[in-house]
$ cat input-v3.csv   # CSV, C-alpha atoms
chain,number,residue,atom,x,y,z
A,254,MET,CA,92.7,70.2,78.3
A,255,PRO,CA,92.1,73.9,79.4
A,256,PRO,CA,95.2,75.8,80.6
A,257,ARG,CA,95.8,75.8,84.3
A,258,LYS,CA,95.1,79.0,86.1
A,259,ARG,CA,98.3,80.8,87.0
A,260,PRO,CA,98.5,81.6,90.7
A,261,ARG,CA,98.7,85.2,91.8
A,262,PRO,CA,102.3,86.2,92.3
A,263,ASN,CA,101.7,87.1,95.9
A,264,GLU,CA,99.3,84.3,96.8
A,265,THR,CA,101.9,82.8,99.0
A,266,ALA,CA,102.4,86.0,100.9
A,267,MET,CA,98.6,86.2,101.7
A,268,LYS,CA,98.6,82.6,102.9
A,269,MET,CA,101.7,83.3,105.0
A,270,VAL,CA,100.0,86.3,106.7
A,271,GLY,CA,96.9,84.3,107.2
A,272,ALA,CA,98.8,81.5,108.8
A,273,LEU,CA,100.4,84.0,111.2
A,274,VAL,CA,97.0,85.3,112.2
A,275,ALA,CA,95.8,81.7,112.8
A,276,ALA,CA,98.8,80.8,114.9
A,277,ALA,CA,98.6,83.9,117.0
A,278,ARG,CA,94.9,83.4,117.6
A,279,ILE,CA,95.3,79.7,118.6
A,280,ALA,CA,98.2,80.6,120.9
A,281,LYS,CA,95.9,83.1,122.6
A,282,GLY,CA,93.3,80.4,123.0
A,283,MET,CA,90.7,82.2,121.0
A,284,THR,CA,88.3,80.8,118.4
A,285,GLN,CA,87.7,82.5,115.1
A,286,ARG,CA,84.3,83.7,116.3
A,287,ALA,CA,85.8,85.1,119.5
A,288,LEU,CA,88.4,87.0,117.5
A,289,ALA,CA,85.8,88.3,115.1
A,290,GLU,CA,83.6,89.5,117.9
A,291,ALA,CA,86.5,91.3,119.5
A,292,LEU,CA,87.3,93.0,116.1
A,293,HIS,CA,83.6,93.7,115.4
A,294,ILE,CA,83.8,91.9,112.0
A,295,ASP,CA,82.2,88.8,110.5
A,296,VAL,CA,83.6,85.4,111.5
A,297,GLU,CA,83.7,84.7,107.7
A,298,THR,CA,86.1,87.6,107.3
A,299,VAL,CA,88.5,86.1,109.9
A,300,ALA,CA,88.3,82.7,108.2
A,301,SER,CA,89.0,84.2,104.8
A,302,ILE,CA,92.1,86.1,106.1
A,303,GLU,CA,93.4,83.0,107.8
A,304,GLN,CA,93.0,80.9,104.6
A,305,GLY,CA,94.8,83.6,102.5
A,306,ARG,CA,91.7,84.3,100.4
A,307,ARG,CA,91.3,87.9,101.7
A,308,ALA,CA,94.0,90.5,102.2
A,309,LEU,CA,94.7,91.6,105.8
A,310,MET,CA,94.0,95.3,105.9
A,311,PRO,CA,96.4,97.5,108.0
A,312,ALA,CA,93.6,98.9,110.2
A,313,VAL,CA,92.4,95.3,111.1
A,314,ALA,CA,96.0,94.2,111.6
A,315,GLU,CA,96.5,96.9,114.2
A,316,LYS,CA,93.5,95.8,116.2
A,317,MET,CA,94.5,92.1,115.9
A,318,ASP,CA,98.0,93.0,117.3
A,319,ARG,CA,96.4,94.6,120.4
A,320,ILE,CA,93.9,91.8,121.0
A,321,LEU,CA,96.4,89.0,120.5
A,322,GLY,CA,99.2,90.8,122.4
A,323,LEU,CA,101.6,91.0,119.5
A,324,PRO,CA,104.2,93.8,119.2
A,325,GLY,CA,103.0,95.1,115.9
A,326,LEU,CA,103.9,92.0,113.9
A,327,LEU,CA,100.7,91.7,111.9
A,328,THR,CA,100.7,95.4,111.2
A,329,VAL,CA,104.1,95.1,109.7
A,330,ALA,CA,103.0,92.1,107.6
A,331,ALA,CA,99.9,93.8,106.3
A,332,ASN,CA,101.8,96.9,105.3
A,333,ARG,CA,104.5,94.9,103.6
A,334,LEU,CA,102.3,92.8,101.4
A,335,PRO,CA,103.3,93.0,97.7
A,336,GLU,CA,101.7,95.8,95.8
A,337,VAL,CA,99.3,93.5,93.9
A,338,ASP,CA,97.6,92.8,97.3
A,339,MET,CA,98.0,96.3,98.7
A,340,ILE,CA,95.8,97.8,96.0
A,341,PRO,CA,92.8,95.7,96.7
A,342,ALA,CA,93.4,96.0,100.4
A,343,TRP,CA,93.4,99.8,100.2
A,344,ALA,CA,90.2,99.8,98.1
A,345,GLU,CA,88.6,97.4,100.6
A,346,GLU,CA,89.6,99.5,103.5
A,347,TYR,CA,88.3,102.6,101.9
A,348,MET,CA,84.9,101.0,101.5
A,349,GLU,CA,84.9,100.1,105.2
A,350,ARG,CA,85.8,103.7,106.1
A,351,GLU,CA,83.2,105.1,103.8
A,352,LYS,CA,80.4,103.3,105.7
A,353,GLU,CA,81.2,105.1,108.9
A,354,ALA,CA,82.5,108.4,107.6
A,355,LEU,CA,81.6,111.7,109.3
A,356,ALA,CA,82.2,113.6,106.0
A,357,LEU,CA,83.0,112.9,102.4
A,358,SER,CA,84.2,115.3,99.7
A,359,TRP,CA,84.2,113.8,96.3
A,360,TYR,CA,85.6,115.3,93.0
A,361,ASP,CA,84.8,113.3,89.8
A,362,THR,CA,85.7,114.0,86.2
A,363,LEU,CA,84.6,110.9,84.3
A,364,THR,CA,81.3,109.7,85.7
A,365,VAL,CA,78.6,110.6,88.3
A,366,PRO,CA,80.1,109.7,91.7
A,367,GLY,CA,79.1,106.2,92.8
A,368,LEU,CA,77.1,107.4,95.8
A,369,LEU,CA,74.8,109.4,93.5
A,370,GLN,CA,74.4,106.9,90.7
A,371,THR,CA,71.1,105.2,89.8
A,372,GLU,CA,71.1,101.5,89.5
A,373,ASN,CA,70.6,101.6,85.7
A,374,TYR,CA,73.4,104.2,85.3
A,375,ALA,CA,75.7,102.2,87.5
A,376,ARG,CA,75.0,99.0,85.5
A,377,ALA,CA,75.7,100.9,82.3
A,378,VAL,CA,79.0,102.4,83.6
A,379,LEU,CA,80.2,99.0,84.8
A,380,GLY,CA,79.3,97.4,81.5
A,381,CYS,CA,81.6,99.8,79.7
A,382,ARG,CA,84.7,98.3,81.3
A,383,VAL,CA,87.2,96.5,79.1
A,384,PRO,CA,87.7,93.6,79.1
A,385,PHE,CA,84.0,92.6,79.5
A,386,VAL,CA,83.6,90.7,82.8
A,387,GLY,CA,80.2,89.1,82.1
A,388,GLU,CA,76.6,89.9,83.0
A,389,ALA,CA,76.7,88.0,86.3
A,390,LYS,CA,79.7,90.0,87.7
A,391,ILE,CA,78.3,93.3,86.5
A,392,GLU,CA,75.1,92.5,88.4
A,393,LEU,CA,77.1,91.8,91.6
A,394,GLN,CA,79.2,94.9,91.2
A,395,THR,CA,76.0,97.0,90.6
A,396,ALA,CA,74.4,95.6,93.7
A,397,HIS,CA,77.4,96.4,95.8
A,398,ARG,CA,77.6,100.0,94.4
A,399,ILE,CA,73.9,100.6,95.2
A,400,GLN,CA,74.3,99.0,98.7
A,401,ARG,CA,77.0,101.6,99.5
A,402,GLN,CA,74.4,104.3,99.1
A,403,ARG,CA,72.8,103.3,102.3
A,404,ILE,CA,75.0,105.8,104.1
A,405,LEU,CA,72.9,108.6,102.6
A,406,ASP,CA,69.9,107.2,104.6
A,407,ARG,CA,71.7,106.8,108.0
A,408,PRO,CA,69.8,108.4,110.9
A,409,VAL,CA,72.6,110.9,110.9
A,410,PRO,CA,74.1,110.9,107.4
A,411,PRO,CA,77.6,112.1,106.7
A,412,THR,CA,78.2,115.6,105.5
A,413,LEU,CA,78.6,115.1,101.7
A,414,SER,CA,80.1,117.4,99.2
A,415,PHE,CA,80.3,116.5,95.5
A,416,ILE,CA,82.0,118.4,92.6
A,417,ILE,CA,81.3,116.9,89.2
A,418,TRP,CA,82.9,118.0,85.9
A,419,GLU,CA,80.1,118.9,83.5
A,420,ALA,CA,81.3,116.5,80.8
A,421,PRO,CA,79.9,113.3,82.4
A,422,LEU,CA,76.6,115.1,82.9
A,423,ARG,CA,76.4,115.4,79.1
A,424,ASP,CA,77.5,111.9,78.2
A,425,ARG,CA,74.5,109.7,77.7
A,426,ILE,CA,75.9,106.5,79.1
A,427,GLY,CA,73.3,103.8,78.9
A,428,GLY,CA,71.0,105.7,76.5
A,429,VAL,CA,68.5,108.5,76.7
A,430,GLU,CA,66.2,106.9,79.3
A,431,VAL,CA,69.1,106.0,81.7
A,432,TYR,CA,70.5,109.5,81.2
A,433,ARG,CA,67.2,111.2,82.0
A,434,GLU,CA,66.7,109.1,85.1
A,435,GLN,CA,70.2,109.9,86.3
A,436,LEU,CA,69.7,113.6,85.8
A,437,ARG,CA,66.4,113.5,87.7
A,438,HIS,CA,68.1,111.6,90.6
A,439,LEU,CA,70.9,114.2,90.7
A,440,ARG,CA,68.4,117.0,90.8
A,441,ALA,CA,66.7,115.3,93.8
A,442,CYS,CA,70.0,114.8,95.5
A,443,ALA,CA,70.8,118.5,95.1
A,444,ASP,CA,67.8,119.2,97.4
A,445,ARG,CA,69.0,116.9,100.2
A,446,PRO,CA,70.0,118.9,103.3
A,447,THR,CA,73.2,116.9,103.9
A,448,VAL,CA,74.3,117.0,100.2
A,449,SER,CA,76.3,119.8,98.6
A,450,LEU,CA,76.3,119.4,94.8
A,451,GLN,CA,78.3,121.6,92.5
A,452,VAL,CA,79.2,121.3,88.8
A,453,LEU,CA,82.6,122.3,87.4
A,454,PRO,CA,81.6,123.9,84.1
A,455,LEU,CA,83.0,123.3,80.7
A,456,GLY,CA,84.9,126.1,79.1
A,457,ILE,CA,86.7,127.6,82.1
A,458,THR,CA,90.3,128.7,81.5
A,459,ALA,CA,91.9,127.0,84.5
A,460,HIS,CA,90.9,124.8,87.4
A,461,ALA,CA,92.6,122.9,90.3
A,462,GLY,CA,91.5,119.4,89.3
A,463,LEU,CA,93.5,118.7,86.2
A,464,ASP,CA,95.3,115.7,87.9
A,465,GLY,CA,92.1,113.7,88.2
A,466,SER,CA,89.4,112.5,90.6
A,467,PHE,CA,89.8,112.0,94.3
A,468,THR,CA,87.8,111.7,97.5
A,469,LEU,CA,88.5,113.2,101.0
A,470,LEU,CA,87.1,111.3,104.0
A,471,GLU,CA,86.9,112.1,107.7
A,472,THR,CA,86.6,109.1,110.1
A,473,PRO,CA,84.7,109.0,113.4
A,474,GLU,CA,88.1,109.4,115.0
A,475,PHE,CA,88.5,112.7,113.1
A,476,GLN,CA,91.3,111.3,111.0
A,477,GLN,CA,91.6,112.8,107.5
A,478,LEU,CA,92.1,110.4,104.6
A,479,ALA,CA,92.1,110.7,100.9
A,480,TYR,CA,91.3,108.1,98.2
A,481,SER,CA,92.2,108.0,94.5
A,482,GLU,CA,91.6,105.6,91.7
A,483,THR,CA,93.7,105.0,88.5
A,484,GLN,CA,93.1,102.8,85.5
A,485,ARG,CA,94.4,99.7,87.2
A,486,GLY,CA,94.4,100.4,90.9
A,487,SER,CA,93.5,102.5,93.9
A,488,PHE,CA,95.3,104.3,96.7
A,489,LEU,CA,94.3,105.2,100.2
A,490,VAL,CA,96.3,108.2,101.4
A,491,ARG,CA,97.1,108.7,105.1
A,492,ASP,CA,100.1,111.1,104.9
A,493,PRO,CA,98.8,114.4,106.4
A,494,ASN,CA,100.9,116.4,104.0
A,495,GLU,CA,99.5,114.6,101.0
A,496,VAL,CA,95.9,114.9,102.4
A,497,SER,CA,96.5,118.6,103.0
A,498,ILE,CA,97.4,119.1,99.4
A,499,LEU,CA,94.3,117.4,98.1
A,500,THR,CA,92.2,119.4,100.7
A,501,GLN,CA,93.6,122.6,99.3
A,502,LYS,CA,92.8,121.5,95.8
A,503,TYR,CA,89.2,120.7,96.8
A,504,ALA,CA,88.8,124.1,98.4
A,505,MET,CA,89.9,125.8,95.2
A,506,LEU,CA,87.6,123.6,93.1
A,507,ARG,CA,84.6,124.6,95.2
A,508,SER,CA,85.4,128.2,94.5
A,509,GLN,CA,85.8,127.5,90.8
A,510,ALA,CA,82.6,125.4,90.4
A,511,LEU,CA,79.1,126.7,90.0
A,512,ASN,CA,77.4,127.5,93.2
A,513,PHE,CA,74.4,125.4,94.5
A,514,ALA,CA,71.7,127.5,92.8
A,515,GLU,CA,73.6,127.6,89.5
A,516,THR,CA,74.2,123.9,89.6
A,517,LYS,CA,70.4,123.3,90.1
A,518,ASP,CA,69.7,125.6,87.2
A,519,LEU,CA,72.1,123.7,85.0
A,520,LEU,CA,70.5,120.3,85.9
A,521,ASP,CA,67.1,121.8,85.1
A,522,ARG,CA,68.3,123.0,81.7
A,523,LEU,CA,69.9,119.6,80.9
A,524,LEU,CA,66.6,117.9,81.9
A,525,GLY,CA,64.8,120.3,79.6
A,526,GLU,CA,67.0,119.3,76.7
A,527,THR,CA,66.3,115.5,77.0

$ encode --input "input-v3.csv" --output "structure tokens"
Amino acid sequence: MPPRKRPRPNETAMKMVGALVAAARIAKGMTQRALAEALHIDVETVASIEQGRRALMPAVAEKMDRILGLPGLLTVAANRLPEVDMIPAWAEEYMEREKEALALSWYDTLTVPGLLQTENYARAVLGCRVPFVGEAKIELQTAHRIQRQRILDRPVPPTLSFIIWEAPLRDRIGGVEVYREQLRHLRACADRPTVSLQVLPLGITAHAGLDGSFTLLETPEFQQLAYSETQRGSFLVRDPNEVSILTQKYAMLRSQALNFAETKDLLDRLLGET
């Protein structure tokens, strides 16, 4: 007999929060569809939250409190979920914020930023993860990553700034053909009017990004957020002081990186070497 799957340690917490949402909605006399429409989200999302299959994100919880006439109860519950739920919730919220962002500033040290990856490169990067998750999951993750790139083709795209350490531009993840395709795509992206692309070169004696990759995001409400990923989690940063520190780091990195013309020249040279 195969071993029983162990429940997540905070599965009960998610189900409890979902039950609170359902009880408040019913008390207000609203259907799941009516609540979803008021929140401007899918009815399936509301159903998943109420069933405890999807973490309630703080931003959604705040809107629910207002619509359902609650004194911040769901917001407190969403913010107090155990950390194992908080990490996926933050990542999920970042993805939602990314879709509507006015501006994104992205510093990456290990790979080409996700918004600039080709499908083949994304598939190769996701296939490097350990433990191996299987071809089916890699395909789903790849499709999701490429779907995120739709924001580049919005009628009014966000203002995008990318700083990439030179090392991942020399790693041939996926093989020579995937590498060459990715370089060509980056070179094309560098010519987009809404994209600022700079490379932080190898061999410099000091730079402001030694603590790792991060992203800065400006919402339609002009709120400044930051996002950072680690080996086993991710964090959405709202604290203005912390966001300010990362903003200062990014400004310094822009001055330390190659300028736009130098970056294009480097990409041309790398393409010539393949």

$ residues_around --input "input-v3.csv" --residues "Arg445 in chain A" --least-positions-apart "6" --cutoff "12 Å" --atoms "all atoms listed in the file" --output "mmCIF file with C-alpha atoms, in the frame of the given file"
data_model
loop_
_atom_site.group_PDB
_atom_site.id
_atom_site.type_symbol
_atom_site.label_atom_id
_atom_site.label_comp_id
_atom_site.auth_asym_id
_atom_site.auth_seq_id
_atom_site.Cartn_x
_atom_site.Cartn_y
_atom_site.Cartn_z
ATOM 1 C CA LEU A 369 74.800 109.400 93.500
ATOM 2 C CA LEU A 405 72.900 108.600 102.600
ATOM 3 C CA ASP A 406 69.900 107.200 104.600
ATOM 4 C CA PRO A 410 74.100 110.900 107.400
ATOM 5 C CA PRO A 411 77.600 112.100 106.700
ATOM 6 C CA THR A 412 78.200 115.600 105.500
ATOM 7 C CA LEU A 413 78.600 115.100 101.700
ATOM 8 C CA SER A 414 80.100 117.400 99.200
ATOM 9 C CA HIS A 438 68.100 111.600 90.600
ATOM 10 C CA LEU A 439 70.900 114.200 90.700
ATOM 11 C CA PHE A 513 74.400 125.400 94.500
#

$ atom_distance --input "input-v3.csv" --atom1 "CA of Met269 in chain A" --atom2 "CA of Tyr480 in chain A"
27.7 Å

$ atom_distance --input "input-v3.csv" --atom1 "CA of Tyr360 in chain A" --atom2 "CA of Ile416 in chain A"
4.8 Å

$ residues_around --input "input-v3.csv" --residues "Leu524 in chain A" --least-positions-apart "6" --cutoff "9 Å" --atoms "all atoms listed in the file" --output "list in words"
Arg433, Leu436 and Arg437 of chain A

$ closest_residue --input "input-v3.csv" --among "A:Leu520, A:Met348, A:Leu422, A:Leu450" --to "Thr472 in chain A" --atoms "only C-alpha atoms"
A:Met348

$ decode --input "input-v3.csv" --residues "range 276-289 of chain A" --atoms "all heavy atoms" --output "compact mmCIF listing (two decimals), in the first residue's frame"
# COMPACT_ATOMS: atom_id res chain seq x y z
N ALA A 276 -18.75 32.02 5.32
CA ALA A 276 -19.76 32.43 6.31
C ALA A 276 -20.11 33.90 6.16
O ALA A 276 -21.29 34.28 6.21
CB ALA A 276 -19.23 32.14 7.72
N ALA A 277 -19.09 34.74 5.95
CA ALA A 277 -19.34 36.18 5.82
C ALA A 277 -20.11 36.48 4.54
O ALA A 277 -21.01 37.33 4.51
CB ALA A 277 -18.01 36.93 5.83
N ARG A 278 -19.78 35.76 3.47
CA ARG A 278 -20.48 35.97 2.19
C ARG A 278 -21.95 35.59 2.31
O ARG A 278 -22.84 36.33 1.86
CB ARG A 278 -19.80 35.14 1.10
CG ARG A 278 -20.55 35.13 -0.22
CD ARG A 278 -19.89 34.26 -1.26
NE ARG A 278 -19.75 32.86 -0.86
CZ ARG A 278 -20.74 31.97 -0.85
NH1 ARG A 278 -21.98 32.36 -1.19
NH2 ARG A 278 -20.54 30.72 -0.49
N ILE A 279 -22.21 34.43 2.92
CA ILE A 279 -23.59 33.95 3.07
C ILE A 279 -24.39 34.90 3.96
O ILE A 279 -25.55 35.23 3.68
CB ILE A 279 -23.59 32.53 3.65
CG1 ILE A 279 -23.01 31.56 2.60
CG2 ILE A 279 -25.00 32.10 4.04
CD1 ILE A 279 -22.71 30.17 3.15
N ALA A 280 -23.75 35.39 5.03
CA ALA A 280 -24.43 36.33 5.93
C ALA A 280 -24.80 37.62 5.21
O ALA A 280 -25.80 38.27 5.54
CB ALA A 280 -23.54 36.63 7.13
N LYS A 281 -24.00 37.97 4.22
CA LYS A 281 -24.26 39.19 3.44
C LYS A 281 -25.30 38.92 2.36
O LYS A 281 -25.77 39.86 1.69
CB LYS A 281 -22.94 39.66 2.79
CG LYS A 281 -23.00 41.04 2.16
CD LYS A 281 -23.07 42.15 3.19
CE LYS A 281 -22.94 43.50 2.52
NZ LYS A 281 -23.05 44.62 3.47
N GLY A 282 -25.65 37.65 2.14
CA GLY A 282 -26.63 37.30 1.13
C GLY A 282 -26.08 37.32 -0.29
O GLY A 282 -26.82 37.56 -1.25
N MET A 283 -24.80 37.06 -0.42
CA MET A 283 -24.15 37.10 -1.73
C MET A 283 -23.81 35.69 -2.20
O MET A 283 -23.45 34.83 -1.40
CB MET A 283 -22.86 37.94 -1.70
CG MET A 283 -23.07 39.40 -1.34
SD MET A 283 -21.50 40.33 -1.36
CE MET A 283 -21.19 40.44 -3.13
N THR A 284 -23.89 35.46 -3.51
CA THR A 284 -23.41 34.22 -4.09
C THR A 284 -21.90 34.35 -4.33
O THR A 284 -21.34 35.45 -4.29
CB THR A 284 -24.10 33.93 -5.43
OG1 THR A 284 -23.76 34.98 -6.36
CG2 THR A 284 -25.62 33.88 -5.25
N GLN A 285 -21.27 33.20 -4.61
CA GLN A 285 -19.86 33.26 -4.95
C GLN A 285 -19.62 34.12 -6.19
O GLN A 285 -18.66 34.88 -6.25
CB GLN A 285 -19.31 31.84 -5.18
CG GLN A 285 -19.16 31.02 -3.91
CD GLN A 285 -18.55 29.65 -4.19
OE1 GLN A 285 -18.54 29.18 -5.33
NE2 GLN A 285 -18.05 29.00 -3.13
N ARG A 286 -20.51 33.99 -7.15
CA ARG A 286 -20.36 34.77 -8.39
C ARG A 286 -20.49 36.27 -8.12
O ARG A 286 -19.72 37.08 -8.66
CB ARG A 286 -21.38 34.33 -9.43
CG ARG A 286 -21.21 35.03 -10.78
CD ARG A 286 -22.04 34.36 -11.87
NE ARG A 286 -21.63 32.97 -12.05
CZ ARG A 286 -20.58 32.60 -12.77
NH1 ARG A 286 -19.82 33.52 -13.35
NH2 ARG A 286 -20.29 31.33 -12.91
N ALA A 287 -21.43 36.65 -7.28
CA ALA A 287 -21.62 38.07 -6.96
C ALA A 287 -20.38 38.63 -6.26
O ALA A 287 -19.94 39.75 -6.55
CB ALA A 287 -22.86 38.26 -6.10
N LEU A 288 -19.82 37.84 -5.33
CA LEU A 288 -18.62 38.30 -4.63
C LEU A 288 -17.45 38.41 -5.61
O LEU A 288 -16.68 39.37 -5.56
CB LEU A 288 -18.28 37.33 -3.49
CG LEU A 288 -17.02 37.68 -2.67
CD1 LEU A 288 -17.12 39.08 -2.08
CD2 LEU A 288 -16.80 36.65 -1.57
N ALA A 289 -17.32 37.42 -6.48
CA ALA A 289 -16.23 37.44 -7.47
C ALA A 289 -16.33 38.67 -8.36
O ALA A 289 -15.32 39.33 -8.65
CB ALA A 289 -16.26 36.17 -8.31
